[in-house]
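Novice: Data: run07.cif, mmCIF, C-alpha atoms.
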```
data_structure
loop_
_atom_site.group_PDB
_atom_site.id
_atom_site.type_symbol
_atom_site.label_atom_id
_atom_site.label_comp_id
_atom_site.auth_asym_id
_atom_site.auth_seq_id
_atom_site.Cartn_x
_atom_site.Cartn_y
_atom_site.Cartn_z
ATOM 1 C CA MET A 1 32.769 -15.785 -68.983
ATOM 2 C CA VAL A 2 32.005 -12.999 -66.530
ATOM 3 C CA MET A 3 31.321 -9.614 -68.149
ATOM 4 C CA MET A 4 32.816 -6.663 -66.313
ATOM 5 C CA SER A 5 31.459 -3.170 -66.516
ATOM 6 C CA PRO A 6 33.760 -0.636 -68.236
ATOM 7 C CA MET A 7 33.460 1.331 -65.019
ATOM 8 C CA PHE A 8 35.776 -1.184 -63.342
ATOM 9 C CA ARG A 9 37.922 -2.310 -66.279
ATOM 10 C CA LEU A 10 41.455 -0.979 -66.237
ATOM 11 C CA GLY A 11 42.497 1.062 -69.238
ATOM 12 C CA ASN A 12 45.981 1.555 -70.605
ATOM 13 C CA GLU A 13 48.414 3.268 -68.285
ATOM 14 C CA ASP A 14 48.724 6.270 -70.642
ATOM 15 C CA THR A 15 44.972 6.742 -71.256
ATOM 16 C CA GLY A 16 43.331 6.232 -67.846
ATOM 17 C CA PRO A 17 39.986 4.406 -67.438
ATOM 18 C CA PRO A 18 38.127 3.616 -70.682
ATOM 19 C CA TRP A 19 35.319 6.118 -70.017
ATOM 20 C CA LEU A 20 37.592 9.094 -69.340
ATOM 21 C CA ARG A 21 38.319 10.259 -72.889
ATOM 22 C CA PRO A 22 34.682 9.912 -74.019
ATOM 23 C CA LEU A 23 33.647 11.982 -70.995
ATOM 24 C CA LEU A 24 36.112 14.741 -71.828
ATOM 25 C CA LYS A 25 35.000 14.833 -75.501
ATOM 26 C CA ALA A 26 31.252 14.755 -74.821
ATOM 27 C CA SER A 27 29.120 17.812 -75.635
ATOM 28 C CA PHE A 28 27.240 19.100 -72.604
ATOM 29 C CA PHE A 29 24.553 21.742 -72.097
ATOM 30 C CA VAL A 30 22.939 21.126 -75.472
ATOM 31 C CA PRO A 31 19.292 20.078 -76.048
ATOM 32 C CA CYS A 32 18.708 16.341 -75.754
ATOM 33 C CA GLN A 33 18.172 14.679 -79.119
ATOM 34 C CA PHE A 34 15.423 12.483 -77.651
ATOM 35 C CA HIS A 35 13.675 14.884 -75.253
ATOM 36 C CA GLY A 36 14.366 18.236 -76.853
ATOM 37 C CA ASP A 37 10.692 19.265 -76.729
ATOM 38 C CA SER A 38 10.502 18.806 -72.948
ATOM 39 C CA ASN A 39 11.361 21.363 -70.318
ATOM 40 C CA LYS A 40 14.771 21.091 -68.689
ATOM 41 C CA SER A 41 16.054 18.725 -71.369
ATOM 42 C CA GLU A 42 19.576 20.158 -71.266
ATOM 43 C CA CYS A 43 22.252 17.466 -71.294
ATOM 44 C CA ASN A 44 24.358 17.774 -68.135
ATOM 45 C CA LEU A 45 24.708 14.105 -67.134
ATOM 46 C CA TYR A 46 27.053 11.348 -68.277
ATOM 47 C CA CYS A 47 26.873 7.571 -67.848
ATOM 48 C CA LEU A 48 30.276 6.059 -67.110
ATOM 49 C CA ASP A 49 29.015 2.558 -67.908
ATOM 50 C CA CYS A 50 27.575 3.296 -71.365
ATOM 51 C CA MET A 51 30.246 5.828 -72.420
ATOM 52 C CA GLY A 52 27.896 7.385 -74.977
ATOM 53 C CA ASN A 53 26.557 10.886 -75.450
ATOM 54 C CA ALA A 54 25.591 13.267 -72.679
ATOM 55 C CA LEU A 55 22.206 12.679 -71.058
ATOM 56 C CA CYS A 56 19.355 14.783 -69.749
ATOM 57 C CA SER A 57 17.268 14.052 -66.667
ATOM 58 C CA TYR A 58 14.599 12.316 -68.778
ATOM 59 C CA CYS A 59 17.189 9.779 -69.975
ATOM 60 C CA LEU A 60 17.966 8.490 -66.469
ATOM 61 C CA PRO A 61 15.284 5.731 -66.341
ATOM 62 C CA GLY A 62 17.192 3.954 -69.115
ATOM 63 C CA HIS A 63 20.393 3.964 -67.023
ATOM 64 C CA LYS A 64 19.129 2.467 -63.791
ATOM 65 C CA ASP A 65 21.878 1.172 -61.481
ATOM 66 C CA HIS A 66 24.541 2.784 -63.723
ATOM 67 C CA HIS A 67 27.268 5.170 -62.580
ATOM 68 C CA VAL A 68 26.062 8.611 -63.670
ATOM 69 C CA VAL A 69 27.847 11.875 -62.885
ATOM 70 C CA GLN A 70 26.618 15.441 -63.246
ATOM 71 C CA ILE A 71 28.559 18.086 -65.143
ATOM 72 C CA ARG A 72 28.290 21.761 -64.201
ATOM 73 C CA ARG A 73 29.362 25.066 -65.725
ATOM 74 C CA SER A 74 31.819 27.669 -64.485
ATOM 75 C CA SER A 75 32.998 30.561 -66.660
ATOM 76 C CA TYR A 76 31.777 28.725 -69.786
ATOM 77 C CA HIS A 77 33.864 25.664 -68.911
ATOM 78 C CA ASN A 78 32.694 22.207 -67.852
ATOM 79 C CA VAL A 79 33.430 21.216 -64.266
ATOM 80 C CA ILE A 80 32.618 18.295 -61.984
ATOM 81 C CA ARG A 81 32.432 18.139 -58.222
ATOM 82 C CA VAL A 82 35.337 16.548 -56.419
ATOM 83 C CA SER A 83 32.927 14.564 -54.238
ATOM 84 C CA GLU A 84 31.635 12.806 -57.383
ATOM 85 C CA VAL A 85 34.716 12.238 -59.507
ATOM 86 C CA SER A 86 37.017 11.262 -56.639
ATOM 87 C CA LYS A 87 34.941 8.086 -56.187
ATOM 88 C CA PHE A 88 36.217 6.802 -59.532
ATOM 89 C CA ILE A 89 39.645 8.315 -60.271
ATOM 90 C CA ASP A 90 42.621 9.796 -58.468
ATOM 91 C CA ILE A 91 42.663 13.554 -59.087
ATOM 92 C CA SER A 92 45.918 14.300 -57.264
ATOM 93 C CA CYS A 93 48.158 16.968 -58.852
ATOM 94 C CA ILE A 94 45.066 18.736 -60.273
ATOM 95 C CA GLN A 95 44.168 22.114 -58.828
ATOM 96 C CA THR A 96 40.703 22.299 -57.282
ATOM 97 C CA TYR A 97 38.456 25.326 -56.924
ATOM 98 C CA ILE A 98 35.501 26.195 -54.690
ATOM 99 C CA ILE A 99 32.360 27.376 -56.470
ATOM 100 C CA ASN A 100 29.027 27.796 -54.655
ATOM 101 C CA SER A 101 30.519 26.214 -51.518
ATOM 102 C CA ALA A 102 31.479 23.048 -53.448
ATOM 103 C CA LYS A 103 34.970 21.910 -54.432
ATOM 104 C CA ILE A 104 35.259 21.264 -58.197
ATOM 105 C CA VAL A 105 37.802 20.416 -60.909
ATOM 106 C CA PHE A 106 37.741 21.407 -64.561
ATOM 107 C CA LEU A 107 37.347 18.726 -67.206
ATOM 108 C CA ASN A 108 39.526 20.156 -69.970
ATOM 109 C CA GLU A 109 42.415 22.542 -70.384
ATOM 110 C CA ARG A 110 41.974 26.313 -70.210
ATOM 111 C CA PRO A 111 44.885 27.904 -72.041
ATOM 112 C CA GLN A 112 46.067 31.207 -70.673
ATOM 113 C CA PRO A 113 47.626 33.489 -73.303
ATOM 114 C CA ARG A 114 49.812 35.437 -70.924
ATOM 115 C CA PRO A 115 50.537 34.115 -67.436
ATOM 116 C CA GLY A 116 50.113 36.673 -64.674
ATOM 117 C CA LYS A 117 53.091 38.597 -63.383
ATOM 118 C CA GLY A 118 54.957 36.984 -60.557
ATOM 119 C CA VAL A 119 53.405 33.562 -61.177
ATOM 120 C CA ALA A 120 55.972 30.909 -60.321
ATOM 121 C CA ASN A 121 53.874 27.822 -61.068
ATOM 122 C CA ALA A 122 51.813 26.985 -64.154
ATOM 123 C CA CYS A 123 50.035 24.008 -65.698
ATOM 124 C CA GLU A 124 52.529 21.740 -67.430
ATOM 125 C CA ILE A 125 50.220 21.376 -70.443
ATOM 126 C CA CYS A 126 48.359 24.655 -71.067
ATOM 127 C CA SER A 127 50.396 27.106 -68.919
ATOM 128 C CA ARG A 128 47.425 28.113 -66.768
ATOM 129 C CA SER A 129 48.568 29.785 -63.530
ATOM 130 C CA LEU A 130 48.400 27.413 -60.577
ATOM 131 C CA LEU A 131 49.179 27.252 -56.910
ATOM 132 C CA ASP A 132 52.568 25.830 -55.984
ATOM 133 C CA SER A 133 51.234 22.454 -54.857
ATOM 134 C CA PHE A 134 49.606 21.475 -58.198
ATOM 135 C CA ARG A 135 50.867 20.471 -61.637
ATOM 136 C CA PHE A 136 47.725 20.543 -63.803
ATOM 137 C CA CYS A 137 44.643 22.735 -64.137
ATOM 138 C CA SER A 138 42.219 20.045 -65.325
ATOM 139 C CA ILE A 139 41.602 16.327 -65.684
ATOM 140 C CA GLY A 140 42.405 16.532 -69.396
ATOM 141 C CA CYS A 141 45.776 18.140 -68.720
ATOM 142 C CA LYS A 142 46.723 15.396 -66.275
ATOM 143 C CA LEU A 143 45.701 12.817 -68.872
ATOM 144 C CA GLU A 144 48.073 14.398 -71.374
ATOM 145 C CA GLY A 145 50.811 14.637 -68.750
ATOM 146 C CA MET A 146 50.663 10.882 -68.254
ATOM 147 C CA ARG A 147 52.249 10.445 -71.671
ATOM 148 C CA THR A 148 55.599 11.681 -70.388
ATOM 149 C CA ASP A 149 55.365 10.889 -66.667
ATOM 150 C CA PRO A 150 54.839 7.169 -65.984
ATOM 151 C CA GLU A 151 54.350 7.819 -62.265
ATOM 152 C CA LEU A 152 51.076 9.672 -62.846
ATOM 153 C CA THR A 153 47.936 7.579 -62.498
ATOM 154 C CA PHE A 154 44.183 7.820 -62.187
ATOM 155 C CA THR A 155 43.969 4.545 -60.277
ATOM 156 C CA LEU A 156 42.552 4.829 -56.791
ATOM 157 C CA HIS A 157 44.580 3.286 -53.996
ATOM 158 C CA PRO A 158 42.724 1.910 -50.968
ATOM 159 C CA LYS A 159 43.295 3.816 -47.758
ATOM 160 C CA PRO A 160 45.086 1.875 -45.005
ATOM 161 C CA ARG A 161 42.819 0.683 -42.237
ATOM 162 C CA ARG A 162 43.558 1.327 -38.596
ATOM 163 C CA GLU A 163 43.788 -1.873 -36.597
ATOM 164 C CA PRO A 164 41.152 -2.010 -33.852
ATOM 165 C CA MET A 165 42.316 -2.172 -30.256
ATOM 166 C CA HIS A 166 42.524 -5.742 -28.966
ATOM 167 C CA GLY A 167 39.957 -6.668 -26.354
ATOM 168 C CA SER A 168 42.633 -8.016 -24.006
ATOM 169 C CA GLU A 169 44.389 -4.651 -23.862
ATOM 170 C CA SER A 170 41.158 -2.840 -23.192
ATOM 171 C CA ASP A 171 40.142 -5.337 -20.541
ATOM 172 C CA GLU A 172 43.531 -5.123 -18.856
ATOM 173 C CA SER A 173 43.457 -1.351 -18.739
ATOM 174 C CA SER A 174 39.887 -1.417 -17.387
ATOM 175 C CA THR A 175 40.838 -4.030 -14.802
ATOM 176 C CA GLY A 176 43.824 -1.950 -13.737
ATOM 177 C CA ARG A 177 41.598 1.061 -13.180
ATOM 178 C CA LYS A 178 39.187 -1.017 -11.096
ATOM 179 C CA LEU A 179 42.069 -2.398 -8.979
ATOM 180 C CA ARG A 180 43.446 1.081 -8.375
ATOM 181 C CA LYS A 181 40.011 2.328 -7.359
ATOM 182 C CA THR A 182 39.449 -0.632 -5.005
ATOM 183 C CA SER A 183 42.857 -0.236 -3.387
ATOM 184 C CA GLY A 184 42.150 3.451 -2.841
ATOM 185 C CA ILE A 185 38.922 2.625 -1.021
ATOM 186 C CA SER A 186 40.747 0.057 1.121
ATOM 187 C CA ARG A 187 43.381 2.605 2.094
ATOM 188 C CA SER A 188 40.723 5.154 3.040
ATOM 189 C CA ILE A 189 39.035 2.594 5.318
ATOM 190 C CA THR A 190 42.255 1.576 7.034
ATOM 191 C CA GLN A 191 43.113 5.237 7.632
ATOM 192 C CA LEU A 192 39.940 5.902 9.636
ATOM 193 C CA PRO A 193 40.706 7.168 13.184
ATOM 194 C CA ALA A 194 41.103 4.360 15.677
ATOM 195 C CA ALA A 195 38.451 3.986 18.384
ATOM 196 C CA LYS A 196 38.250 2.019 21.599
ATOM 197 C CA TRP A 197 36.902 -1.453 21.279
ATOM 198 C CA GLY A 198 33.681 -1.965 23.201
ATOM 199 C CA ASN A 199 31.838 -5.044 24.142
ATOM 200 C CA GLU A 200 29.379 -4.860 21.275
ATOM 201 C CA GLY A 201 30.825 -2.255 18.877
ATOM 202 C CA SER A 202 33.784 -2.115 16.477
ATOM 203 C CA SER A 203 36.357 0.489 15.573
ATOM 204 C CA ILE A 204 34.759 1.288 12.196
ATOM 205 C CA SER A 205 31.250 1.660 13.589
ATOM 206 C CA SER A 206 32.577 3.817 16.432
ATOM 207 C CA ALA A 207 34.405 6.112 14.005
ATOM 208 C CA ILE A 208 31.282 6.868 11.984
ATOM 209 C CA PRO A 209 29.157 9.552 13.677
ATOM 210 C CA PRO A 210 25.558 8.491 14.476
ATOM 211 C CA ILE A 211 22.724 9.822 12.365
ATOM 212 C CA VAL A 212 20.242 11.829 14.441
ATOM 213 C CA ILE A 213 16.668 12.016 13.211
ATOM 214 C CA SER A 214 14.482 14.689 14.685
ATOM 215 C CA TYR A 215 10.787 13.966 15.167
ATOM 216 C CA ARG A 216 9.988 17.381 16.666
ATOM 217 C CA THR A 217 6.815 18.883 15.343
ATOM 218 C CA SER A 218 5.386 22.302 15.905
ATOM 219 C CA ARG A 219 2.718 22.509 18.628
ATOM 220 C CA ARG A 220 -0.546 24.123 17.867
ATOM 221 C CA LYS A 221 -1.375 26.905 20.273
ATOM 222 C CA GLY A 222 -4.510 26.347 22.437
ATOM 223 C CA VAL A 223 -7.406 28.670 22.985
ATOM 224 C CA PRO A 224 -6.310 31.585 25.241
ATOM 225 C CA HIS A 225 -8.103 31.891 28.599
ATOM 226 C CA ARG A 226 -9.043 35.264 30.040
ATOM 227 C CA ALA A 227 -7.776 36.016 33.533
ATOM 228 C CA PRO A 228 -10.492 36.197 36.281
ATOM 229 C CA PHE A 229 -11.600 39.575 37.586
#
```
Using structure tokens, write down the structure that the file contains.

Specialist:
Amino acid sequence: MVMMSPMFRLGNEDTGPPWLRPLLKASFFVPCQFHGDSNKSECNLYCLDCMGNALCSYCLPGHKDHHVVQIRRSSYHNVIRVSEVSKFIDISCIQTYIINSAKIVFLNERPQPRPGKGVANACEICSRSLLDSFRFCSIGCKLEGMRTDPELTFTLHPKPRREPMHGSESDESSTGRKLRKTSGISRSITQLPAAKWGNEGSSISSAIPPIVISYRTSRRKGVPHRAPF
């Protein structure tokens, strides 16, 4: 029996991949329970294969060849870069933000007590103000929205590939260009001005002007002679 990593196992349609809920519930930015005495032992990493507690940088040797993502902070909320999370799940319908020149999404909901005035669109779960093109403010809110909307999914769909151009079409187009170029040269030769046929020459050679090469060199002046008295 072949064992498959939980990273690639499909979860239930209403819960997403099996590692998603443990990721959202994990406690980040706390001292590591194994390396708490070391510098920079703050837990800001998560292993999608092990689905355990958050990790610090000193824990990484024990998770070699695993899928590990880094969690960051923004306004006291946990965020993850789109470039990382979009490799594993579909984050469509979730509003993204740009922080420190990087596009991110929030992990969990951020309830907003009173929506701003004139806001026409809000998160369907926590009522956070959103742009018109989004439905949720975080990954957790989309996960909850999947309970009532069966069309929502975290499953990635492969992008359609563009079919490469057939070699025959490319060769034909290249051949056509060569034929057009050759025919143009032929027409330019036939349109040369006619010349009288000689005994040894031809019309084409007579139409082309001869090339004149000059071998003239400057003479060096001689010694001047004085006129006799």

Novice: Please identify all polymer residues within 12 Å of stretch 138-147 of chain A, counting only C-alpha atoms, omitting same-chain residues fewer than 6 positions from it, and present them as number ranges by chain.

Specialist: A: 12-17, 20-25, 77-82, 85-86, 89-97, 104-111, 122-130, 153-154

Novice: Put those residues in a file: C-alpha atoms, as a PDB file, in the coordinates of the input.

Specialist:
```pdb
ATOM      1  CA  ASN A  12      45.981   1.555 -70.605  1.00  0.00           C
ATOM      2  CA  GLU A  13      48.414   3.268 -68.285  1.00  0.00           C
ATOM      3  CA  ASP A  14      48.724   6.270 -70.642  1.00  0.00           C
ATOM      4  CA  THR A  15      44.972   6.742 -71.256  1.00  0.00           C
ATOM      5  CA  GLY A  16      43.331   6.232 -67.846  1.00  0.00           C
ATOM      6  CA  PRO A  17      39.986   4.406 -67.438  1.00  0.00           C
ATOM      7  CA  LEU A  20      37.592   9.094 -69.340  1.00  0.00           C
ATOM      8  CA  ARG A  21      38.319  10.259 -72.889  1.00  0.00           C
ATOM      9  CA  PRO A  22      34.682   9.912 -74.019  1.00  0.00           C
ATOM     10  CA  LEU A  23      33.647  11.982 -70.995  1.00  0.00           C
ATOM     11  CA  LEU A  24      36.112  14.741 -71.828  1.00  0.00           C
ATOM     12  CA  LYS A  25      35.000  14.833 -75.501  1.00  0.00           C
ATOM     13  CA  HIS A  77      33.864  25.664 -68.911  1.00  0.00           C
ATOM     14  CA  ASN A  78      32.694  22.207 -67.852  1.00  0.00           C
ATOM     15  CA  VAL A  79      33.430  21.216 -64.266  1.00  0.00           C
ATOM     16  CA  ILE A  80      32.618  18.295 -61.984  1.00  0.00           C
ATOM     17  CA  ARG A  81      32.432  18.139 -58.222  1.00  0.00           C
ATOM     18  CA  VAL A  82      35.337  16.548 -56.419  1.00  0.00           C
ATOM     19  CA  VAL A  85      34.716  12.238 -59.507  1.00  0.00           C
ATOM     20  CA  SER A  86      37.017  11.262 -56.639  1.00  0.00           C
ATOM     21  CA  ILE A  89      39.645   8.315 -60.271  1.00  0.00           C
ATOM     22  CA  ASP A  90      42.621   9.796 -58.468  1.00  0.00           C
ATOM     23  CA  ILE A  91      42.663  13.554 -59.087  1.00  0.00           C
ATOM     24  CA  SER A  92      45.918  14.300 -57.264  1.00  0.00           C
ATOM     25  CA  CYS A  93      48.158  16.968 -58.852  1.00  0.00           C
ATOM     26  CA  ILE A  94      45.066  18.736 -60.273  1.00  0.00           C
ATOM     27  CA  GLN A  95      44.168  22.114 -58.828  1.00  0.00           C
ATOM     28  CA  THR A  96      40.703  22.299 -57.282  1.00  0.00           C
ATOM     29  CA  TYR A  97      38.456  25.326 -56.924  1.00  0.00           C
ATOM     30  CA  ILE A 104      35.259  21.264 -58.197  1.00  0.00           C
ATOM     31  CA  VAL A 105      37.802  20.416 -60.909  1.00  0.00           C
ATOM     32  CA  PHE A 106      37.741  21.407 -64.561  1.00  0.00           C
ATOM     33  CA  LEU A 107      37.347  18.726 -67.206  1.00  0.00           C
ATOM     34  CA  ASN A 108      39.526  20.156 -69.970  1.00  0.00           C
ATOM     35  CA  GLU A 109      42.415  22.542 -70.384  1.00  0.00           C
ATOM     36  CA  ARG A 110      41.974  26.313 -70.210  1.00  0.00           C
ATOM     37  CA  PRO A 111      44.885  27.904 -72.041  1.00  0.00           C
ATOM     38  CA  ALA A 122      51.813  26.985 -64.154  1.00  0.00           C
ATOM     39  CA  CYS A 123      50.035  24.008 -65.698  1.00  0.00           C
ATOM     40  CA  GLU A 124      52.529  21.740 -67.430  1.00  0.00           C
ATOM     41  CA  ILE A 125      50.220  21.376 -70.443  1.00  0.00           C
ATOM     42  CA  CYS A 126      48.359  24.655 -71.067  1.00  0.00           C
ATOM     43  CA  SER A 127      50.396  27.106 -68.919  1.00  0.00           C
ATOM     44  CA  ARG A 128      47.425  28.113 -66.768  1.00  0.00           C
ATOM     45  CA  SER A 129      48.568  29.785 -63.530  1.00  0.00           C
ATOM     46  CA  LEU A 130      48.400  27.413 -60.577  1.00  0.00           C
ATOM     47  CA  THR A 153      47.936   7.579 -62.498  1.00  0.00           C
ATOM     48  CA  PHE A 154      44.183   7.820 -62.187  1.00  0.00           C
TER      49      PHE A 154
END
```

Novice: What would the list of residues within 8 Å of (49.3, 28.9, -56.6) (file frame) look like as a PyMOL selection string, if only C-alpha atoms are what count?

Specialist: chain A and resi 119-121+129-134

Novice: At what distance in Å, to one decimal, does atom CA of A:Cys137 lie from atom CA of A:Glu42?

Specialist: 26.2 Å

Novice: What does the PyMOL selection byres ((chain A and resi 53-69) around 9) select in this file, as a ChimeraX atom specification?

Specialist: /A:7,22-23,26-32,34-35,38,40-52,70-71,80,84-85

Novice: Suppose you want the space between atom CA of A:Ala102 and atom CA of A:Trp19; what is it in Å?

Specialist: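 Answer for the atom CA of A:Ala102 to atom CA of A:Trp19 separation: 24.0 Å.
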
Novice: Please compute the atom CA of A:Pro158-atom CA of A:Ile99 distance, one decimal, in Å.

Specialist: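 Those two atoms sit 28.0 Å apart.
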
Novice: Need the axis-aligned box for stretch 122-127 of chain A with 4 Å each side, so what are the centre and edges in Å to one decimal, as AutoDock Vina command-line options?

Specialist:
```
--center_x 50.4 --center_y 24.2 --center_z -67.6 --size_x 12.2 --size_y 13.7 --size_z 14.9
```
